[in-house]
Every structure is written in C-alpha cells, then in structure tokens.
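**Q** Dropping in query-v2.pdb, which is PDB, C-alpha atoms:
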ATOM      1  CA  THR A1179      19.649  11.623   4.902
ATOM      2  CA  LYS A1180      19.497   8.454   6.964
ATOM      3  CA  ALA A1181      16.084   7.008   6.178
ATOM      4  CA  ILE A1182      13.168   7.049   3.778
ATOM      5  CA  ILE A1183       9.734   6.980   5.395
ATOM      6  CA  PRO A1184       7.067   6.212   2.782
ATOM      7  CA  VAL A1185       3.456   6.652   3.888
ATOM      8  CA  ASP A1186       0.815   4.197   2.712
ATOM      9  CA  PHE A1187      -2.554   5.885   2.325
ATOM     10  CA  THR A1188      -6.131   4.573   2.285
ATOM     11  CA  GLY A1189      -4.916   0.994   2.304
ATOM     12  CA  GLN A1190      -2.741   1.562  -0.767
ATOM     13  CA  PRO A1191       0.941   0.707  -0.247
ATOM     14  CA  ALA A1192       3.600   3.038  -1.604
ATOM     15  CA  ASP A1193       5.729   1.985  -4.602
ATOM     16  CA  MET A1194       8.041  -0.109  -2.456
ATOM     17  CA  ASP A1195      10.139  -1.497  -5.337
ATOM     18  CA  ALA A1196      11.258   1.985  -6.347
ATOM     19  CA  ILE A1197      11.708   3.092  -2.733
ATOM     20  CA  MET A1198      13.793   0.066  -1.769
ATOM     21  CA  GLU A1199      15.923   0.488  -4.907
ATOM     22  CA  ILE A1200      16.738   4.089  -3.971
ATOM     23  CA  ALA A1201      17.410   3.067  -0.356
ATOM     24  CA  ASN A1202      19.735   0.258  -1.385
ATOM     25  CA  GLU A1203      21.645   2.516  -3.801
ATOM     26  CA  HIS A1204      22.282   5.062  -1.040
ATOM     27  CA  GLY A1205      22.553   2.833   2.046
ATOM     28  CA  LEU A1206      19.358   4.185   3.603
ATOM     29  CA  VAL A1207      16.922   2.542   6.006
ATOM     30  CA  VAL A1208      13.262   2.323   4.953
ATOM     31  CA  ILE A1209      10.667   2.748   7.710
ATOM     32  CA  GLU A1210       7.254   2.256   6.136
ATOM     33  CA  ASP A1211       4.291   4.037   7.693
ATOM     34  CA  GLY A1212       1.691   1.306   7.306
ATOM     35  CA  ALA A1213      -0.876   2.936   9.613
ATOM     36  CA  HIS A1214      -3.458   2.783   6.805
ATOM     37  CA  SER A1215      -2.409  -0.532   5.279
ATOM     38  CA  LEU A1216      -2.653  -3.310   7.872
ATOM     39  CA  GLY A1217      -3.558  -6.428   5.901
ATOM     40  CA  ALA A1218      -2.788  -4.858   2.510
ATOM     41  CA  GLU A1219      -0.505  -6.439  -0.074
ATOM     42  CA  TYR A1220       2.060  -5.069  -2.491
ATOM     43  CA  LYS A1221       2.727  -7.358  -5.465
ATOM     44  CA  GLY A1222       1.584 -10.417  -3.499
ATOM     45  CA  ARG A1223       3.534  -9.652  -0.323
ATOM     46  CA  LYS A1224       1.937  -8.367   2.880
ATOM     47  CA  VAL A1225       2.790  -4.860   3.975
ATOM     48  CA  GLY A1226       5.231  -5.296   6.839
ATOM     49  CA  MET A1227       7.468  -7.640   4.844
ATOM     50  CA  LEU A1228       8.820  -5.046   2.411
ATOM     51  CA  ALA A1229      10.684  -2.350   4.341
ATOM     52  CA  HIS A1230      13.411  -2.622   6.966
ATOM     53  CA  MET A1231      10.756  -1.650   9.510
ATOM     54  CA  THR A1232       7.014  -1.042   9.187
ATOM     55  CA  MET A1233       4.788   0.737  11.673
ATOM     56  CA  PHE A1234       1.079  -0.067  12.074
ATOM     57  CA  SER A1235      -1.435   1.993  14.039
ATOM     58  CA  PHE A1236      -4.068   0.506  16.338
ATOM     59  CA  HIS A1237      -6.000   3.765  16.768
ATOM     60  CA  PRO A1238      -9.779   3.292  17.132
ATOM     61  CA  VAL A1239     -10.475   4.271  13.485
ATOM     62  CA  LYS A1240      -8.111   1.588  12.113
ATOM     63  CA  PRO A1241      -9.226  -1.924  11.062
ATOM     64  CA  VAL A1242      -7.806  -3.402  14.287
ATOM     65  CA  THR A1243      -7.753  -1.335  17.467
ATOM     66  CA  THR A1244      -6.163  -1.596  20.872
ATOM     67  CA  ALA A1245      -7.851   1.708  21.830
ATOM     68  CA  GLU A1246      -4.531   3.454  21.086
ATOM     69  CA  GLY A1247      -0.956   2.597  20.204
ATOM     70  CA  GLY A1248       0.611   0.524  17.488
ATOM     71  CA  VAL A1249       3.435  -1.818  16.579
ATOM     72  CA  ILE A1250       6.638  -1.826  14.567
ATOM     73  CA  VAL A1251       7.641  -4.997  12.718
ATOM     74  CA  THR A1252      11.046  -5.954  11.322
ATOM     75  CA  ASP A1253      12.949  -9.041  10.285
ATOM     76  CA  SER A1254      16.251  -7.493  11.377
ATOM     77  CA  GLU A1255      17.662  -8.769  14.671
ATOM     78  CA  GLU A1256      19.639  -5.515  15.039
ATOM     79  CA  TYR A1257      16.581  -3.256  14.670
ATOM     80  CA  TYR A1258      14.515  -5.600  16.844
ATOM     81  CA  GLU A1259      16.972  -5.300  19.746
ATOM     82  CA  LYS A1260      17.176  -1.496  19.354
ATOM     83  CA  LEU A1261      13.384  -1.188  19.223
ATOM     84  CA  LYS A1262      12.978  -3.302  22.375
ATOM     85  CA  ARG A1263      15.370  -0.996  24.242
ATOM     86  CA  PHE A1264      13.679   2.120  22.861
ATOM     87  CA  ARG A1265      10.212   0.970  24.031
ATOM     88  CA  SER A1266      11.471   0.065  27.524
ATOM     89  CA  HIS A1267      13.358   3.138  28.755
ATOM     90  CA  GLY A1268      16.607   1.959  27.102
ATOM     91  CA  ILE A1269      16.912  -0.779  29.710
ATOM     92  CA  ILE A1270      18.667  -4.115  29.257
ATOM     93  CA  LYS A1271      18.818  -7.094  31.616
ATOM     94  CA  HIS A1272      21.337  -9.209  29.680
ATOM     95  CA  ASN A1273      24.969  -8.671  28.601
ATOM     96  CA  LEU A1274      25.405  -6.425  31.628
ATOM     97  CA  SER A1275      28.654  -4.755  32.633
ATOM     98  CA  ARG A1276      28.443  -6.484  36.021
ATOM     99  CA  ASP A1277      26.357  -9.110  37.810
ATOM    100  CA  GLU A1278      24.530  -7.635  40.788
ATOM    101  CA  GLY A1279      21.733 -10.188  40.939
ATOM    102  CA  PRO A1280      18.438 -10.895  39.153
ATOM    103  CA  TRP A1281      17.024  -7.468  39.997
ATOM    104  CA  TYR A1282      19.887  -5.585  38.321
ATOM    105  CA  TYR A1283      19.469  -3.774  34.980
ATOM    106  CA  GLU A1284      21.284  -1.074  33.052
ATOM    107  CA  MET A1285      19.962   1.875  31.049
ATOM    108  CA  VAL A1286      22.166   1.881  27.940
ATOM    109  CA  ASP A1287      20.152   3.998  25.485
ATOM    110  CA  LEU A1288      17.605   6.767  25.422
ATOM    111  CA  GLY A1289      14.187   5.154  25.672
ATOM    112  CA  TYR A1290      10.567   5.652  26.581
ATOM    113  CA  ASN A1291       7.664   3.669  27.966
ATOM    114  CA  TYR A1292       6.090   2.554  24.690
ATOM    115  CA  ARG A1293       4.745  -0.747  25.985
ATOM    116  CA  MET A1294       1.054  -1.418  25.548
ATOM    117  CA  THR A1295      -0.867  -3.019  28.379
ATOM    118  CA  ASP A1296      -1.849  -6.690  28.429
ATOM    119  CA  LEU A1297      -5.485  -5.607  28.108
ATOM    120  CA  GLN A1298      -4.713  -3.599  24.959
ATOM    121  CA  ALA A1299      -2.773  -6.534  23.494
ATOM    122  CA  ALA A1300      -5.653  -8.938  24.214
ATOM    123  CA  LEU A1301      -8.091  -6.548  22.523
ATOM    124  CA  GLY A1302      -5.902  -6.366  19.414
ATOM    125  CA  ILE A1303      -5.215 -10.100  19.247
ATOM    126  CA  SER A1304      -8.933 -10.862  19.562
ATOM    127  CA  GLN A1305      -9.556  -8.959  16.299
ATOM    128  CA  MET A1306      -6.756 -10.385  14.143
ATOM    129  CA  ASP A1307      -8.783 -13.407  12.983
ATOM    130  CA  LYS A1308     -11.416 -10.952  11.722
ATOM    131  CA  LEU A1309      -8.980  -8.677   9.859
ATOM    132  CA  ASP A1310      -9.888  -9.977   6.384
ATOM    133  CA  CYS A1311     -13.606  -9.397   7.084
ATOM    134  CA  PHE A1312     -12.913  -5.892   8.386
ATOM    135  CA  ILE A1313     -10.903  -5.041   5.271
ATOM    136  CA  GLU A1314     -13.537  -6.479   2.948
ATOM    137  CA  ARG A1315     -16.222  -4.361   4.636
ATOM    138  CA  ARG A1316     -14.061  -1.254   4.236
ATOM    139  CA  ARG A1317     -13.693  -2.067   0.519
ATOM    140  CA  GLU A1318     -17.474  -2.394   0.192
ATOM    141  CA  ILE A1319     -17.966   1.002   1.816
ATOM    142  CA  ALA A1320     -15.255   2.594  -0.367
ATOM    143  CA  ASN A1321     -16.946   1.159  -3.472
ATOM    144  CA  MET A1322     -20.295   2.659  -2.367
ATOM    145  CA  TYR A1323     -18.651   6.078  -2.046
ATOM    146  CA  ASN A1324     -16.885   5.682  -5.391
ATOM    147  CA  GLU A1325     -20.186   4.776  -7.061
ATOM    148  CA  ALA A1326     -22.092   7.610  -5.384
ATOM    149  CA  PHE A1327     -19.554  10.269  -6.380
ATOM    150  CA  LYS A1328     -18.354   8.974  -9.759
ATOM    151  CA  THR A1329     -20.160  11.728 -11.696
ATOM    152  CA  MET A1330     -18.709  14.553  -9.636
TER
END
Have the structure of the file written as structure tokens, please.

**A**
Amino acid sequence: TKAIIPVDFTGQPADMDAIMEIANEHGLVVIEDGAHSLGAEYKGRKVGMLAHMTMFSFHPVKPVTTAEGGVIVTDSEEYYEKLKRFRSHGIIKHNLSRDEGPWYYEMVDLGYNYRMTDLQAALGISQMDKLDCFIERRREIANMYNEAFKTM
C-alpha cells in the first residue's frame, strides 16, 4: 500500500483526522477525492488543505465547471513538481542534462497532456466568486428533498 484515497461524497468530507493519522503511522500518501466537495470545510478548514493532494472535478454537474477536467492541489513542492511533469508529457525545460538552446527540453518521466485550455480556465475562474452562492443553492435544494422524503 502506497496511498489512501478517501472519497468525499455529496459535499461531505471524509473523516480526514482518522485518515491522516493512519497515513502518518504507516508512511502513506493521502490523495483526497474532493470531486463532490469543492468549497466544503472539515473542522473549519477548507477541503484541499487537509490531504497531501486533493483532486477537484470541474465536470458540468459540479458547482464550478470548465466543461470538463479538474485540478489537483497540494502544498508540497515535491508533489507539485511531479504533477507538473505528469500533466505535460513528462517534459522539463530546466535543470537539463545539456544546454541546446531555448527550444530544448527533455522528457524525464511518463506523462500525458492533462492541461486544460485557456478558455476552460477562464470559464472556471469566472465562477469562483460565485462558489458560495452555488453551494448555498445546492444546500437549499438538498433541504427540499430531505423535507419531501423525510417520512419515507
């Protein structure tokens, strides 16, 4: 086992204290699946600040959309550098084995094209100031469902 991947569901974060305790005891990485919990909090801290890495989805049914795609956040410089290489075909343009000019790059890791377009990024950024309103509306709708089905 190398990692624990807790999944937040319906805006409810997983029990991150217990998960991080287990991870720390066993030297494991925690990659939180926050696809359902953008903007949520766990014990006063925003989801995305709790695990070693947290993934958020920007699928059209999520509170913020870029039409497709997502993001991974971390406060670890090591994971950040690895994630940048992974999203860009494993390519680096610094700390090269040789200097062949400004056009030169090296492929040092396995990677993919996981970069979103500028248009997708602009769409997502334009919604971030409205995130709290979006979440509040989702809560209102969830409460209506809870009220409607409470006797079932």

**Q** Carefully work through the PyMOL selection byres ((chain A and resi 1283-1287) around 6) for this structure and note down the residues it includes, as a list in words.

**A** Gly1268, Ile1269, Ile1270, Lys1271, Tyr1282 and Leu1288 of chain A

**Q** Would you write out, as a ChimeraX atom specification, every residue that the PyMOL selection byres ((chain A and resi 1194) around 12) captures in this file?

**A** /A:1182-1186,1190-1193,1195-1202,1208-1212,1219-1221,1223-1230,1232

**Q** May I have the selected residues written with C-alpha atoms, as a PDB file, in the frame of the given file?

**A**
ATOM      1  CA  ILE A1182      13.168   7.049   3.778  1.00  0.00           C
ATOM      2  CA  ILE A1183       9.734   6.980   5.395  1.00  0.00           C
ATOM      3  CA  PRO A1184       7.067   6.212   2.782  1.00  0.00           C
ATOM      4  CA  VAL A1185       3.456   6.652   3.888  1.00  0.00           C
ATOM      5  CA  ASP A1186       0.815   4.197   2.712  1.00  0.00           C
ATOM      6  CA  GLN A1190      -2.741   1.562  -0.767  1.00  0.00           C
ATOM      7  CA  PRO A1191       0.941   0.707  -0.247  1.00  0.00           C
ATOM      8  CA  ALA A1192       3.600   3.038  -1.604  1.00  0.00           C
ATOM      9  CA  ASP A1193       5.729   1.985  -4.602  1.00  0.00           C
ATOM     10  CA  ASP A1195      10.139  -1.497  -5.337  1.00  0.00           C
ATOM     11  CA  ALA A1196      11.258   1.985  -6.347  1.00  0.00           C
ATOM     12  CA  ILE A1197      11.708   3.092  -2.733  1.00  0.00           C
ATOM     13  CA  MET A1198      13.793   0.066  -1.769  1.00  0.00           C
ATOM     14  CA  GLU A1199      15.923   0.488  -4.907  1.00  0.00           C
ATOM     15  CA  ILE A1200      16.738   4.089  -3.971  1.00  0.00           C
ATOM     16  CA  ALA A1201      17.410   3.067  -0.356  1.00  0.00           C
ATOM     17  CA  ASN A1202      19.735   0.258  -1.385  1.00  0.00           C
ATOM     18  CA  VAL A1208      13.262   2.323   4.953  1.00  0.00           C
ATOM     19  CA  ILE A1209      10.667   2.748   7.710  1.00  0.00           C
ATOM     20  CA  GLU A1210       7.254   2.256   6.136  1.00  0.00           C
ATOM     21  CA  ASP A1211       4.291   4.037   7.693  1.00  0.00           C
ATOM     22  CA  GLY A1212       1.691   1.306   7.306  1.00  0.00           C
ATOM     23  CA  GLU A1219      -0.505  -6.439  -0.074  1.00  0.00           C
ATOM     24  CA  TYR A1220       2.060  -5.069  -2.491  1.00  0.00           C
ATOM     25  CA  LYS A1221       2.727  -7.358  -5.465  1.00  0.00           C
ATOM     26  CA  ARG A1223       3.534  -9.652  -0.323  1.00  0.00           C
ATOM     27  CA  LYS A1224       1.937  -8.367   2.880  1.00  0.00           C
ATOM     28  CA  VAL A1225       2.790  -4.860   3.975  1.00  0.00           C
ATOM     29  CA  GLY A1226       5.231  -5.296   6.839  1.00  0.00           C
ATOM     30  CA  MET A1227       7.468  -7.640   4.844  1.00  0.00           C
ATOM     31  CA  LEU A1228       8.820  -5.046   2.411  1.00  0.00           C
ATOM     32  CA  ALA A1229      10.684  -2.350   4.341  1.00  0.00           C
ATOM     33  CA  HIS A1230      13.411  -2.622   6.966  1.00  0.00           C
ATOM     34  CA  THR A1232       7.014  -1.042   9.187  1.00  0.00           C
TER      35      THR A1232
END

**Q** Measuring atom to atom with only C-alpha atoms, identify which of A:Asp1277, A:Val1249, A:Tyr1292, A:Glu1325 is nearest to A:Arg1263.

**A**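 Going through A:Asp1277, A:Val1249, A:Tyr1292, A:Glu1325 one by one, the smallest distance to A:Arg1263 is for A:Tyr1292.
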
**Q** Can you tell me how far atom CA of A:Asp1307 sits from atom CA of A:Thr1243, in Å to one decimal?

**A**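 The value is 12.9 Å.
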
**Q** Could you check how far atom CA of A:Pro1241 sits from atom CA of A:Leu1216, in Å to one decimal?

**A**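 Computing it gives 7.4 Å between the two atoms.
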
**Q** Output as AutoDock Vina command-line options the centre and edge lengths (Å, one decimal) of the box along x, y and z of the file that holds every listed atom of stretch 1296-1300 of chain A after adding 4 Å on each side.

**A**
--center_x -3.8 --center_y -6.3 --center_z 26.0 --size_x 11.8 --size_y 13.3 --size_z 12.9

**Q** Using all atoms listed in the file for the distances, tell me which of A:Ala1320, A:Ala1181, A:Ala1326, A:Ala1213 is nearest to A:Gly1247.

**A**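 For A:Gly1247, the nearest of the candidates is A:Ala1213.
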
**Q** Can you tell me how far atom CA of A:Met1322 sits from atom CA of A:Ser1235, in Å to one decimal?

**A** 25.0 Å

**Q** Taking the file as I've supplied it (selection: the PyMOL selection byres ((chain A and resi 1294) around 10)), which residues are included? Please answer as a VMD selection string.

**A** chain A and resid 1244 1246 to 1249 1265 1291 to 1293 1295 to 1299

**Q** Please save C-alpha atoms of the selected residues as a short mmCIF file (atom, residue, chain, number, x, y, z; two decimals), in the coordinates of the input.

**A**
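Wrote part.cif, looks like this:
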data_model
loop_
_atom_site.label_atom_id
_atom_site.label_comp_id
_atom_site.auth_asym_id
_atom_site.auth_seq_id
_atom_site.Cartn_x
_atom_site.Cartn_y
_atom_site.Cartn_z
CA THR A 1244 -6.16 -1.60 20.87
CA GLU A 1246 -4.53 3.45 21.09
CA GLY A 1247 -0.96 2.60 20.20
CA GLY A 1248 0.61 0.52 17.49
CA VAL A 1249 3.44 -1.82 16.58
CA ARG A 1265 10.21 0.97 24.03
CA ASN A 1291 7.66 3.67 27.97
CA TYR A 1292 6.09 2.55 24.69
CA ARG A 1293 4.74 -0.75 25.98
CA THR A 1295 -0.87 -3.02 28.38
CA ASP A 1296 -1.85 -6.69 28.43
CA LEU A 1297 -5.48 -5.61 28.11
CA GLN A 1298 -4.71 -3.60 24.96
CA ALA A 1299 -2.77 -6.53 23.49
#

**Q** For A:Gly1205, which of A:Lys1180, A:Gly1217, A:Phe1187, A:Val1251 is the closest residue, counting all atoms listed in the file?

**A**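 Once distances to A:Gly1205 are computed over all atoms listed in the file, the minimum belongs to A:Lys1180.
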
**Q** Taking into account only C-alpha atoms, which residue in the set A:His1272, A:Leu1206, A:Gly1289, A:Ile1303 is nearest to A:Thr1179?

**A**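 Of A:His1272, A:Leu1206, A:Gly1289, A:Ile1303, the one nearest A:Thr1179, counting only C-alpha atoms, is A:Leu1206.
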
**Q** With only C-alpha atoms as the basis for distance, which of A:Arg1315, A:Arg1276, A:His1204, A:His1214 is at the shortest distance from A:Phe1234?

**A** A:His1214
